[in-house]
Each structure stands twice: as C-alpha cells, then as structure tokens.
Amino acid sequence: MRTNWPACTIGLVSLCLPFAAPLSGAEAPTPPKCDTQLATSEWKAAEAPVYCDPEDDWAKDPAVIKAGDTFYMYYTSANPWQGDGSGGKGEPRIDYAISSNGLDWTRQGVAIPKGKPGDWDDERPQAPARPVLKDGVYYMYYAGAGRGVTTGYATSTDLRKWTKQPGSEVLKNGKVNDPNIYFEGGVYYLFYTSGGDRVYYVTSTNLVDWSPNAVFTGAIGEGSNIIRDGRTYVIFACVGWSHKGEYYKVYTSPSLTNEFRDCGRINLKSHGFAAGSLSHGDMIRNGDEYWFYFQGTCDVGKRFQVGLARLPVTTDGAKK
C-alpha cells in the first residue's frame with residue numbers, strides 16, 4: 001500500500017516537521033476488546049496530505065461521497081476569525097473538490113456560501129455532512145453559526161449546485177454541531193454533537209421532519225462518524241483541542257439504539273502535517289478498504305490539510 005503520496009504545497013509552505021511527541025496509536029493505552037477490527041487494527045496513513053486548499057491552505061471537516069466515477073469532497077473553508085491572521089482568507093463558506101480516484105483532488109469552488117444577514121448561517125456555514133440521496137435529490141446537512149450553532153440543510157440534483165431550503169434549520173436547541181447521517185431500514189439517523197461534546201441522534205423517514213426527542217448514544221467527542229462493520233455499529237468521535245492535540249476514539253454497539261461502549265483510541269499514527277491534531281473527518285467504504293479522510297494541523301490551526309488513512313475490510317459480511 002502506497003503511503004508516501006506527494007505533499008501539498010501552498011507557495012513555499014509544505015509539510016510541518018513532526019513535533020517531538022506526535023500522536024500515535026502505539027503510545028496510547030491498549031483499548032479494551034471490542035467486536036470490530038476498526039477498534040484495534042492499525043490504519044495506514046499517507047505521510048503527506050491528499051488535499052490542500054489552493055487559495056489559503058485551510059480545509060476542515062471533510063465529507064466525502066462517491067457518485068458514479070467521481071469523488072466529491074465538501075469542507076469548511078476560509079475561516080478568518082482568528083485575529084492574528086492565522087485563519088483562512090475571504091468569506092467563511094463550504095467549498096468542494098472532485099477527484100477520479102479519491103487521491104488527487106481539484107478544487108471546484110463554493111458549495112454553500114455564507115448566509116445573508118439574519119439567516120441562521122449568517123456568520124459561517126461549517127461541518128458539512130456527507131450528502132444523502134433520496135428520490136433523485138441530494139440532501140447535505142451542515143452546521144451554521146449565526147444565532148448560536150444550529151443545523152440545517154441544502155439540496156442538489158448534481159452535487160455541484162446547492163440550494164438552501166427555507167426553514168431548513170431543523171436542530172436548534174443549544175449548540176448543535178457536526179451532523180452525520182446514517183440510513184438503515186427505512187429510517188434516517190441524524191447524529192450530531194451537543195451539550196459538552198455528547199453525541200446524540202434524532203430520526204426521520206423523509207430527511208425533513210425529525211423526531212422531537214434526541215437520544216444520547218453514550219459517545220463523547222466531535223466530528224462523529226457511524227459505520228456498520230459486520231454486526232457491530234461503530235461510532236468514531238474525536239476528543240481534545242486543536243491547539244493541544246486531538247485524536248479519534250472508537251465506540252461500539254450491537255444496535256444503533258443501544259448505548260455505545262468506549263473502546264479506546266483509534267490505532268492511527270499521525271504524520272508531520274497532522275502532528276498537532278488529527279480530527280473532524282469522514283469515513284467511507286471504498287471497494288475492500290475503509291478510507292478515512294481527516295483534517296490535520298501541526299501549527300496550532302494556521303493551516304488545516306486533509307489526510308487519508310486506509311484499512312482493509314476483513315470482517316465477514318461488513319456492510320458496504
């Protein structure tokens with residue numbers, strides 16, 4: 001497996017040198033035995049990022065979908081709120097890039113612009129979820145900062161042009177961030193982070209109307225991902241802070257509706273560009289491998305680049 005893909009370069013800036021003590025699965029305590037390879041197997045990460053935003057080297061919260069022969073990546077871009085100029089440039093937005101192989105990406109432009117004054121996302125749209133296709137229409141849920149941090153959606157028929165829907169702000173009790181949707185048995189499960197990084201979910205049958213009472217999963221962490229590996233449901237959620245180091249933990253359950261069990265830290269070594277923080281990513285099944293796209297920084301958030309780690313699927317009957 002090739003893990004030394006070419007580094008992204010923005011101007012004269014390339015990868016950061018590794019910190020003296022980069023995050024490493026080998027340094028973490030051995031997690032308890034759990035019923036999934038995703039909790040214990042070693043992920044192979046590329047030494048260089050697979051994507052860097054060509055305008056300002058700021059790409060956070062990647063969400064990836066493959067449609068036909070094309071991969072689409074949506075990400076939080078251009079966050080200029082840091083007073084020292086270490087953030088991105090321009091107006092906050094969600095951008096997107098495309099790829100024919102999931103490795104070599106080309107930026108396409110803006111997918112979700114900043115909202116108009118008074119809109120629920122008038123400060124910035126952020127943390128896009130992987131789009132979900134229903135009846136020929138793609139729904140992309142994302143978080144918006146404006147009147148607090150809430151969650152709504154936009155729709156598209158081609159994954160390129162997105163339309164914000166009036167009244168699409170569906171989750172707005174407290175800070176509601178990092179949406180992620182899982183579909184099974186005719187039911188959509190919208191997982192999100194709220195109340196001290198606790199992962200909750202609500203349900204829907206039409207992607208528009210959601211159950212009024214949220215359910216706490218037992219998982220703690222941001223940027224959650226949900227995968228079914230054989231008979232086991234797995235939640236990945238990152239803990240920590242970008243300026244102090246972040247990493248993903250694994251939680252498992254035999255059912256979506258049962259409480260998830262803490263299985264410890266994911267076995268993934270961070271390379272130089274993500275030595276300070278490895279967080280807020282998206283995990284997909286691509287052929288016979290799991291592909292995990294994540295954001296990484298090594299300079300206290302002055303740049304965020306997208307990395308990729310891969311793991312062969314070995315569980316019999318793993319859900320694609």
# chains A, B, ... in the order shown; residues from 1 in each chain; ligands from 1
>>> residues_around(residues="Val187 of chain A", least_positions_apart="5", cutoff="8 Å", atoms="only C-alpha atoms", output="number ranges by chain")
A: 203-205
>>> write_last_selection(atoms="N, CA and C atoms", output="compact mmCIF listing (two decimals), in the first residue's frame")
# COMPACT_ATOMS: atom_id res chain seq x y z
N THR A 203 -34.30 10.89 14.55
CA THR A 203 -34.64 10.03 13.42
C THR A 203 -35.67 10.69 12.51
N SER A 204 -35.72 10.20 11.27
CA SER A 204 -36.65 10.72 10.27
C SER A 204 -36.90 9.64 9.21
N THR A 205 -38.02 9.74 8.54
CA THR A 205 -38.28 8.86 7.40
C THR A 205 -38.25 9.62 6.08
>>> select_by_dssp(residues="segment 167-257 of chain A", states="strand (DSSP E)", output="MDAnalysis selection string")
chainID A and resid 177:184 187:194 198:204 215:220 222:229 232:241 245:253
>>> residues_around(residues="Val313 of chain A", least_positions_apart="4", cutoff="7 Å", atoms="only C-alpha atoms", output="ChimeraX atom specification")
/A:288-290
>>> atom_distance(atom1="atom CA of Asp69 of chain A", atom2="atom CA of Tyr141 of chain A")
23.0 Å
>>> residues_around(residues="segment 192-196 of chain A", least_positions_apart="5", cutoff="6 Å", atoms="only C-alpha atoms", output="mmCIF file with C-alpha atoms, in the first residue's frame")
data_model
loop_
_atom_site.group_PDB
_atom_site.id
_atom_site.type_symbol
_atom_site.label_atom_id
_atom_site.label_comp_id
_atom_site.auth_asym_id
_atom_site.auth_seq_id
_atom_site.Cartn_x
_atom_site.Cartn_y
_atom_site.Cartn_z
ATOM 1 C CA LYS A 175 -25.104 24.210 20.291
ATOM 2 C CA VAL A 176 -25.881 21.617 17.605
ATOM 3 C CA ASN A 177 -22.815 20.816 15.504
ATOM 4 C CA ASP A 178 -21.126 18.184 13.301
ATOM 5 C CA PRO A 179 -24.144 16.460 11.687
#
>>> residues_around(residues="segment 155-167 of chain A", least_positions_apart="4", cutoff="12 Å", atoms="only C-alpha atoms", output="PyMOL selection string")
chain A and resi 64-68+70-74+94-98+107-116+119-121+125+130-142+144+151+171-172+207-209
>>> write_last_selection(atoms="N, CA and C atoms", output="tab-separated table (two decimals), in the first residue's frame")
chain	number	residue	atom	x	y	z
A	64	VAL	N	-16.98	13.18	2.33
A	64	VAL	CA	-16.68	12.62	1.01
A	64	VAL	C	-17.79	11.66	0.57
A	65	ILE	N	-18.19	11.79	-0.69
A	65	ILE	CA	-19.16	10.88	-1.30
A	65	ILE	C	-18.65	10.52	-2.69
A	66	LYS	N	-18.87	9.26	-3.09
A	66	LYS	CA	-18.56	8.84	-4.45
A	66	LYS	C	-19.87	8.65	-5.19
A	67	ALA	N	-20.00	9.32	-6.34
A	67	ALA	CA	-21.20	9.20	-7.17
A	67	ALA	C	-20.74	8.86	-8.58
A	68	GLY	N	-21.09	7.68	-9.07
A	68	GLY	CA	-20.58	7.23	-10.35
A	68	GLY	C	-19.08	7.02	-10.27
A	70	THR	N	-16.94	9.56	-9.84
A	70	THR	CA	-16.37	10.79	-9.29
A	70	THR	C	-16.52	10.85	-7.78
A	71	PHE	N	-15.45	11.24	-7.09
A	71	PHE	CA	-15.48	11.52	-5.66
A	71	PHE	C	-15.71	13.03	-5.48
A	72	TYR	N	-16.53	13.37	-4.50
A	72	TYR	CA	-16.77	14.77	-4.14
A	72	TYR	C	-16.39	14.96	-2.68
A	73	MET	N	-15.62	16.00	-2.41
A	73	MET	CA	-15.24	16.35	-1.04
A	73	MET	C	-15.77	17.75	-0.71
A	74	TYR	N	-16.54	17.84	0.36
A	74	TYR	CA	-17.03	19.13	0.86
A	74	TYR	C	-16.30	19.44	2.16
A	94	ILE	N	-18.54	26.80	2.70
A	94	ILE	CA	-18.23	25.39	2.45
A	94	ILE	C	-17.84	25.27	0.98
A	95	ASP	N	-16.63	24.83	0.71
A	95	ASP	CA	-16.13	24.63	-0.64
A	95	ASP	C	-16.21	23.15	-1.00
A	96	TYR	N	-15.90	22.84	-2.26
A	96	TYR	CA	-15.83	21.43	-2.63
A	96	TYR	C	-14.77	21.19	-3.69
A	97	ALA	N	-14.30	19.94	-3.72
A	97	ALA	CA	-13.30	19.49	-4.69
A	97	ALA	C	-13.76	18.15	-5.25
A	98	ILE	N	-13.24	17.78	-6.43
A	98	ILE	CA	-13.59	16.50	-7.03
A	98	ILE	C	-12.34	15.71	-7.35
A	107	ARG	N	-9.94	21.58	-6.64
A	107	ARG	CA	-10.97	22.46	-6.08
A	107	ARG	C	-11.89	22.96	-7.17
A	108	GLN	N	-13.21	22.98	-6.89
A	108	GLN	CA	-14.20	23.42	-7.85
A	108	GLN	C	-14.80	24.78	-7.52
A	109	GLY	N	-14.84	25.13	-6.25
A	109	GLY	CA	-15.42	26.40	-5.87
A	109	GLY	C	-16.30	26.29	-4.65
A	110	VAL	N	-17.25	27.20	-4.53
A	110	VAL	CA	-18.11	27.28	-3.35
A	110	VAL	C	-19.32	26.37	-3.53
A	111	ALA	N	-19.61	25.58	-2.49
A	111	ALA	CA	-20.82	24.77	-2.48
A	111	ALA	C	-21.93	25.46	-1.67
A	112	ILE	N	-21.59	25.91	-0.46
A	112	ILE	CA	-22.55	26.58	0.42
A	112	ILE	C	-21.95	27.92	0.85
A	113	PRO	N	-22.49	29.05	0.38
A	113	PRO	CA	-21.95	30.35	0.78
A	113	PRO	C	-22.46	30.75	2.16
A	114	LYS	N	-21.82	31.75	2.71
A	114	LYS	CA	-22.26	32.35	3.97
A	114	LYS	C	-23.67	32.90	3.80
A	115	GLY	N	-24.49	32.75	4.85
A	115	GLY	CA	-25.87	33.22	4.80
A	115	GLY	C	-25.98	34.73	4.78
A	116	LYS	N	-27.14	35.20	4.37
A	116	LYS	CA	-27.43	36.63	4.38
A	116	LYS	C	-27.69	37.09	5.82
A	119	ASP	N	-29.95	35.32	8.54
A	119	ASP	CA	-30.09	33.89	8.31
A	119	ASP	C	-29.43	33.10	9.45
A	120	TRP	N	-29.82	31.83	9.57
A	120	TRP	CA	-29.27	31.02	10.65
A	120	TRP	C	-27.79	30.71	10.47
A	121	ASP	N	-27.26	30.88	9.24
A	121	ASP	CA	-25.84	30.64	8.99
A	121	ASP	C	-25.14	31.91	8.50
A	125	PRO	N	-21.20	28.92	7.44
A	125	PRO	CA	-21.61	27.53	7.34
A	125	PRO	C	-20.38	26.65	7.61
A	130	ARG	N	-21.81	14.19	4.88
A	130	ARG	CA	-21.82	13.53	3.58
A	130	ARG	C	-23.24	13.59	3.00
A	131	PRO	N	-23.41	14.06	1.76
A	131	PRO	CA	-24.76	14.15	1.18
A	131	PRO	C	-25.45	12.79	1.13
A	132	VAL	N	-26.78	12.84	1.23
A	132	VAL	CA	-27.61	11.64	1.19
A	132	VAL	C	-28.59	11.78	0.03
A	133	LEU	N	-28.70	10.73	-0.79
A	133	LEU	CA	-29.58	10.75	-1.96
A	133	LEU	C	-30.93	10.15	-1.63
A	134	LYS	N	-32.00	10.90	-1.94
A	134	LYS	CA	-33.37	10.41	-1.74
A	134	LYS	C	-34.24	10.91	-2.89
A	135	ASP	N	-34.83	9.97	-3.63
A	135	ASP	CA	-35.74	10.30	-4.72
A	135	ASP	C	-35.13	11.28	-5.72
A	136	GLY	N	-33.86	11.04	-6.06
A	136	GLY	CA	-33.19	11.87	-7.06
A	136	GLY	C	-32.65	13.18	-6.56
A	137	VAL	N	-32.78	13.45	-5.28
A	137	VAL	CA	-32.30	14.71	-4.69
A	137	VAL	C	-31.29	14.40	-3.59
A	138	TYR	N	-30.18	15.13	-3.60
A	138	TYR	CA	-29.18	15.01	-2.54
A	138	TYR	C	-29.49	16.04	-1.44
A	139	TYR	N	-29.42	15.57	-0.20
A	139	TYR	CA	-29.57	16.42	0.96
A	139	TYR	C	-28.21	16.52	1.66
A	140	MET	N	-27.72	17.74	1.86
A	140	MET	CA	-26.48	17.92	2.62
A	140	MET	C	-26.79	18.73	3.88
A	141	TYR	N	-26.69	18.07	5.00
A	141	TYR	CA	-26.84	18.75	6.28
A	141	TYR	C	-25.51	19.38	6.66
A	142	TYR	N	-25.58	20.53	7.31
A	142	TYR	CA	-24.37	21.21	7.76
A	142	TYR	C	-24.74	22.08	8.96
A	144	GLY	N	-24.47	25.72	11.08
A	144	GLY	CA	-24.35	27.13	10.76
A	144	GLY	C	-24.20	27.95	12.01
A	151	THR	N	-28.23	23.44	13.03
A	151	THR	CA	-28.03	22.52	11.91
A	151	THR	C	-29.23	22.58	10.96
A	171	LEU	N	-32.39	21.62	13.68
A	171	LEU	CA	-31.89	21.37	15.03
A	171	LEU	C	-31.32	22.67	15.58
A	172	LYS	N	-31.92	23.17	16.67
A	172	LYS	CA	-31.50	24.48	17.15
A	172	LYS	C	-31.60	24.63	18.66
A	207	LEU	N	-36.06	12.80	5.75
A	207	LEU	CA	-34.93	13.72	5.77
A	207	LEU	C	-35.33	15.18	6.02
A	208	VAL	N	-36.57	15.41	6.37
A	208	VAL	CA	-37.04	16.77	6.62
A	208	VAL	C	-37.63	16.92	8.02
A	209	ASP	N	-38.49	15.99	8.40
A	209	ASP	CA	-39.14	16.03	9.71
A	209	ASP	C	-38.44	15.05	10.65
>>> atom_distance(atom1="atom CA of Pro212 of chain A", atom2="atom CA of Ser253 of chain A")
23.3 Å
>>> residues_around(residues="Glu259 of chain A", least_positions_apart="5", cutoff="8 Å", atoms="only C-alpha atoms", output="PyMOL selection string")
chain A and resi 216-218+253
>>> write_last_selection(atoms="N, CA and C atoms", output="CSV table (one decimal), in the first residue's frame")
chain,number,residue,atom,x,y,z
A,216,PHE,N,-29.2,10.2,23.6
A,216,PHE,CA,-27.8,10.2,23.8
A,216,PHE,C,-27.2,8.8,23.5
A,217,THR,N,-26.1,8.8,22.7
A,217,THR,CA,-25.6,7.5,22.3
A,217,THR,C,-24.6,6.8,23.3
A,218,GLY,N,-24.1,7.6,24.2
A,218,GLY,CA,-23.1,7.2,25.1
A,218,GLY,C,-21.7,7.6,24.7
A,253,SER,N,-21.5,-0.8,19.5
A,253,SER,CA,-22.7,-1.3,20.0
A,253,SER,C,-23.3,-2.3,19.0
>>> residues_around(residues="Gly307 of chain A", least_positions_apart="5", cutoff="6 Å", atoms="only C-alpha atoms", output="list in words")
Pro49, Val50, Tyr293 and Phe294 of chain A
>>> closest_residue(among="A:Gly272, A:Gly287, A:Gly230, A:Gly296", to="Glu246 of chain A", atoms="only C-alpha atoms")
A:Gly296
>>> atom_distance(atom1="atom CA of Arg147 of chain A", atom2="atom CA of Pro62 of chain A")
23.8 Å
>>> closest_residue(among="A:Asn206, A:Ser270, A:Asn101, A:Asn258", to="Leu190 of chain A", atoms="only C-alpha atoms")
A:Asn206
>>> closest_residue(among="A:Ile227, A:Lys302, A:Thr257, A:Glu47", to="Val215 of chain A", atoms="only C-alpha atoms")
A:Thr257
>>> closest_residue(among="A:Val170, A:Ala78, A:Val250, A:Ala237", to="Pro54 of chain A", atoms="only C-alpha atoms")
A:Ala78
>>> closest_residue(among="A:Gln305, A:Thr314, A:Ser224, A:Thr40", to="Thr76 of chain A", atoms="only C-alpha atoms")
A:Gln305
>>> decode(residues="segment 175-191 of chain A", atoms="all heavy atoms", output="mmCIF file, in the first residue's frame")
data_model
loop_
_atom_site.group_PDB
_atom_site.id
_atom_site.type_symbol
_atom_site.label_atom_id
_atom_site.label_comp_id
_atom_site.auth_asym_id
_atom_site.auth_seq_id
_atom_site.Cartn_x
_atom_site.Cartn_y
_atom_site.Cartn_z
ATOM 1 N N LYS A 175 -26.116 24.356 21.342
ATOM 2 C CA LYS A 175 -25.104 24.210 20.291
ATOM 3 C C LYS A 175 -25.279 22.845 19.632
ATOM 4 O O LYS A 175 -25.116 21.810 20.250
ATOM 5 C CB LYS A 175 -23.699 24.333 20.882
ATOM 6 C CG LYS A 175 -22.594 24.206 19.830
ATOM 7 C CD LYS A 175 -21.217 24.325 20.465
ATOM 8 C CE LYS A 175 -20.128 24.176 19.417
ATOM 9 N NZ LYS A 175 -18.771 24.257 20.013
ATOM 10 N N VAL A 176 -25.628 22.848 18.349
ATOM 11 C CA VAL A 176 -25.881 21.617 17.605
ATOM 12 C C VAL A 176 -24.928 21.604 16.416
ATOM 13 O O VAL A 176 -25.092 22.362 15.464
ATOM 14 C CB VAL A 176 -27.346 21.541 17.130
ATOM 15 C CG1 VAL A 176 -27.591 20.233 16.400
ATOM 16 C CG2 VAL A 176 -28.294 21.677 18.314
ATOM 17 N N ASN A 177 -23.921 20.744 16.460
ATOM 18 C CA ASN A 177 -22.815 20.816 15.504
ATOM 19 C C ASN A 177 -22.503 19.438 14.921
ATOM 20 O O ASN A 177 -22.978 18.408 15.407
ATOM 21 C CB ASN A 177 -21.577 21.385 16.217
ATOM 22 C CG ASN A 177 -20.600 22.035 15.259
ATOM 23 O OD1 ASN A 177 -20.847 22.164 14.056
ATOM 24 N ND2 ASN A 177 -19.470 22.460 15.789
ATOM 25 N N ASP A 178 -21.703 19.412 13.873
ATOM 26 C CA ASP A 178 -21.126 18.184 13.301
ATOM 27 C C ASP A 178 -22.178 17.142 12.927
ATOM 28 O O ASP A 178 -22.129 15.999 13.391
ATOM 29 C CB ASP A 178 -20.115 17.571 14.273
ATOM 30 C CG ASP A 178 -19.012 18.527 14.658
ATOM 31 O OD1 ASP A 178 -18.653 19.366 13.828
ATOM 32 O OD2 ASP A 178 -18.522 18.437 15.794
ATOM 33 N N PRO A 179 -23.146 17.458 12.069
ATOM 34 C CA PRO A 179 -24.144 16.460 11.687
ATOM 35 C C PRO A 179 -23.543 15.329 10.867
ATOM 36 O O PRO A 179 -22.564 15.524 10.137
ATOM 37 C CB PRO A 179 -25.142 17.272 10.849
ATOM 38 C CG PRO A 179 -24.325 18.388 10.289
ATOM 39 C CD PRO A 179 -23.349 18.745 11.362
ATOM 40 N N ASN A 180 -24.124 14.153 10.993
ATOM 41 C CA ASN A 180 -23.713 12.990 10.217
ATOM 42 C C ASN A 180 -24.927 12.070 10.104
ATOM 43 O O ASN A 180 -25.578 11.786 11.114
ATOM 44 C CB ASN A 180 -22.544 12.263 10.891
ATOM 45 C CG ASN A 180 -21.980 11.167 10.018
ATOM 46 O OD1 ASN A 180 -22.564 10.092 9.893
ATOM 47 N ND2 ASN A 180 -20.830 11.419 9.427
ATOM 48 N N ILE A 181 -25.256 11.619 8.902
ATOM 49 C CA ILE A 181 -26.477 10.844 8.697
ATOM 50 C C ILE A 181 -26.171 9.402 8.333
ATOM 51 O O ILE A 181 -25.320 9.120 7.484
ATOM 52 C CB ILE A 181 -27.356 11.484 7.601
ATOM 53 C CG1 ILE A 181 -27.861 12.854 8.079
ATOM 54 C CG2 ILE A 181 -28.538 10.590 7.250
ATOM 55 C CD1 ILE A 181 -28.722 13.579 7.072
ATOM 56 N N TYR A 182 -26.888 8.493 8.994
ATOM 57 C CA TYR A 182 -26.791 7.056 8.720
ATOM 58 C C TYR A 182 -28.195 6.556 8.377
ATOM 59 O O TYR A 182 -29.165 6.918 9.046
ATOM 60 C CB TYR A 182 -26.250 6.325 9.950
ATOM 61 C CG TYR A 182 -26.040 4.842 9.730
ATOM 62 C CD1 TYR A 182 -24.823 4.372 9.254
ATOM 63 C CD2 TYR A 182 -27.057 3.930 10.000
ATOM 64 C CE1 TYR A 182 -24.621 3.009 9.046
ATOM 65 C CE2 TYR A 182 -26.863 2.579 9.782
ATOM 66 C CZ TYR A 182 -25.649 2.132 9.311
ATOM 67 O OH TYR A 182 -25.446 0.788 9.090
ATOM 68 N N PHE A 183 -28.283 5.721 7.339
ATOM 69 C CA PHE A 183 -29.588 5.237 6.876
ATOM 70 C C PHE A 183 -29.663 3.720 7.008
ATOM 71 O O PHE A 183 -28.739 3.009 6.610
ATOM 72 C CB PHE A 183 -29.813 5.628 5.419
ATOM 73 C CG PHE A 183 -31.110 5.118 4.842
ATOM 74 C CD1 PHE A 183 -32.327 5.643 5.259
ATOM 75 C CD2 PHE A 183 -31.103 4.110 3.889
ATOM 76 C CE1 PHE A 183 -33.527 5.176 4.732
ATOM 77 C CE2 PHE A 183 -32.297 3.640 3.349
ATOM 78 C CZ PHE A 183 -33.509 4.173 3.772
ATOM 79 N N GLU A 184 -30.763 3.244 7.573
ATOM 80 C CA GLU A 184 -30.962 1.797 7.693
ATOM 81 C C GLU A 184 -32.435 1.505 7.942
ATOM 82 O O GLU A 184 -33.085 2.194 8.735
ATOM 83 C CB GLU A 184 -30.111 1.216 8.831
ATOM 84 C CG GLU A 184 -30.196 -0.295 8.933
ATOM 85 C CD GLU A 184 -29.205 -0.850 9.942
ATOM 86 O OE1 GLU A 184 -28.040 -1.079 9.553
ATOM 87 O OE2 GLU A 184 -29.583 -1.014 11.112
ATOM 88 N N GLY A 185 -32.943 0.487 7.255
ATOM 89 C CA GLY A 185 -34.300 0.035 7.499
ATOM 90 C C GLY A 185 -35.371 1.086 7.275
ATOM 91 O O GLY A 185 -36.376 1.116 7.990
ATOM 92 N N GLY A 186 -35.163 1.955 6.291
ATOM 93 C CA GLY A 186 -36.140 2.992 6.004
ATOM 94 C C GLY A 186 -36.104 4.178 6.936
ATOM 95 O O GLY A 186 -36.958 5.070 6.844
ATOM 96 N N VAL A 187 -35.121 4.211 7.837
ATOM 97 C CA VAL A 187 -35.018 5.291 8.827
ATOM 98 C C VAL A 187 -33.673 5.998 8.676
ATOM 99 O O VAL A 187 -32.628 5.360 8.532
ATOM 100 C CB VAL A 187 -35.159 4.747 10.267
ATOM 101 C CG1 VAL A 187 -34.993 5.871 11.285
ATOM 102 C CG2 VAL A 187 -36.511 4.057 10.442
ATOM 103 N N TYR A 188 -33.722 7.321 8.702
ATOM 104 C CA TYR A 188 -32.510 8.135 8.705
ATOM 105 C C TYR A 188 -32.195 8.516 10.151
ATOM 106 O O TYR A 188 -33.068 8.976 10.887
ATOM 107 C CB TYR A 188 -32.710 9.403 7.877
ATOM 108 C CG TYR A 188 -32.999 9.135 6.418
ATOM 109 C CD1 TYR A 188 -34.311 9.038 5.962
ATOM 110 C CD2 TYR A 188 -31.962 8.978 5.505
ATOM 111 C CE1 TYR A 188 -34.580 8.782 4.621
ATOM 112 C CE2 TYR A 188 -32.225 8.727 4.167
ATOM 113 C CZ TYR A 188 -33.536 8.631 3.733
ATOM 114 O OH TYR A 188 -33.796 8.378 2.406
ATOM 115 N N TYR A 189 -30.931 8.316 10.533
ATOM 116 C CA TYR A 189 -30.454 8.685 11.865
ATOM 117 C C TYR A 189 -29.513 9.866 11.697
ATOM 118 O O TYR A 189 -28.488 9.761 11.024
ATOM 119 C CB TYR A 189 -29.711 7.530 12.529
ATOM 120 C CG TYR A 189 -30.580 6.329 12.815
ATOM 121 C CD1 TYR A 189 -30.907 5.419 11.807
ATOM 122 C CD2 TYR A 189 -31.069 6.077 14.099
ATOM 123 C CE1 TYR A 189 -31.713 4.314 12.062
ATOM 124 C CE2 TYR A 189 -31.863 4.967 14.369
ATOM 125 C CZ TYR A 189 -32.174 4.097 13.338
ATOM 126 O OH TYR A 189 -32.966 2.993 13.594
ATOM 127 N N LEU A 190 -29.866 10.992 12.286
ATOM 128 C CA LEU A 190 -29.027 12.184 12.235
ATOM 129 C C LEU A 190 -28.265 12.300 13.546
ATOM 130 O O LEU A 190 -28.832 12.628 14.594
ATOM 131 C CB LEU A 190 -29.881 13.424 11.991
ATOM 132 C CG LEU A 190 -29.187 14.796 12.080
ATOM 133 C CD1 LEU A 190 -27.972 14.859 11.164
ATOM 134 C CD2 LEU A 190 -30.170 15.914 11.747
ATOM 135 N N PHE A 191 -26.971 11.976 13.492
ATOM 136 C CA PHE A 191 -26.103 12.092 14.659
ATOM 137 C C PHE A 191 -25.502 13.489 14.679
ATOM 138 O O PHE A 191 -25.182 14.065 13.639
ATOM 139 C CB PHE A 191 -24.993 11.045 14.596
ATOM 140 C CG PHE A 191 -25.463 9.631 14.756
ATOM 141 C CD1 PHE A 191 -25.989 8.928 13.676
ATOM 142 C CD2 PHE A 191 -25.391 8.993 15.988
ATOM 143 C CE1 PHE A 191 -26.432 7.622 13.812
ATOM 144 C CE2 PHE A 191 -25.824 7.680 16.139
ATOM 145 C CZ PHE A 191 -26.356 7.003 15.054
#
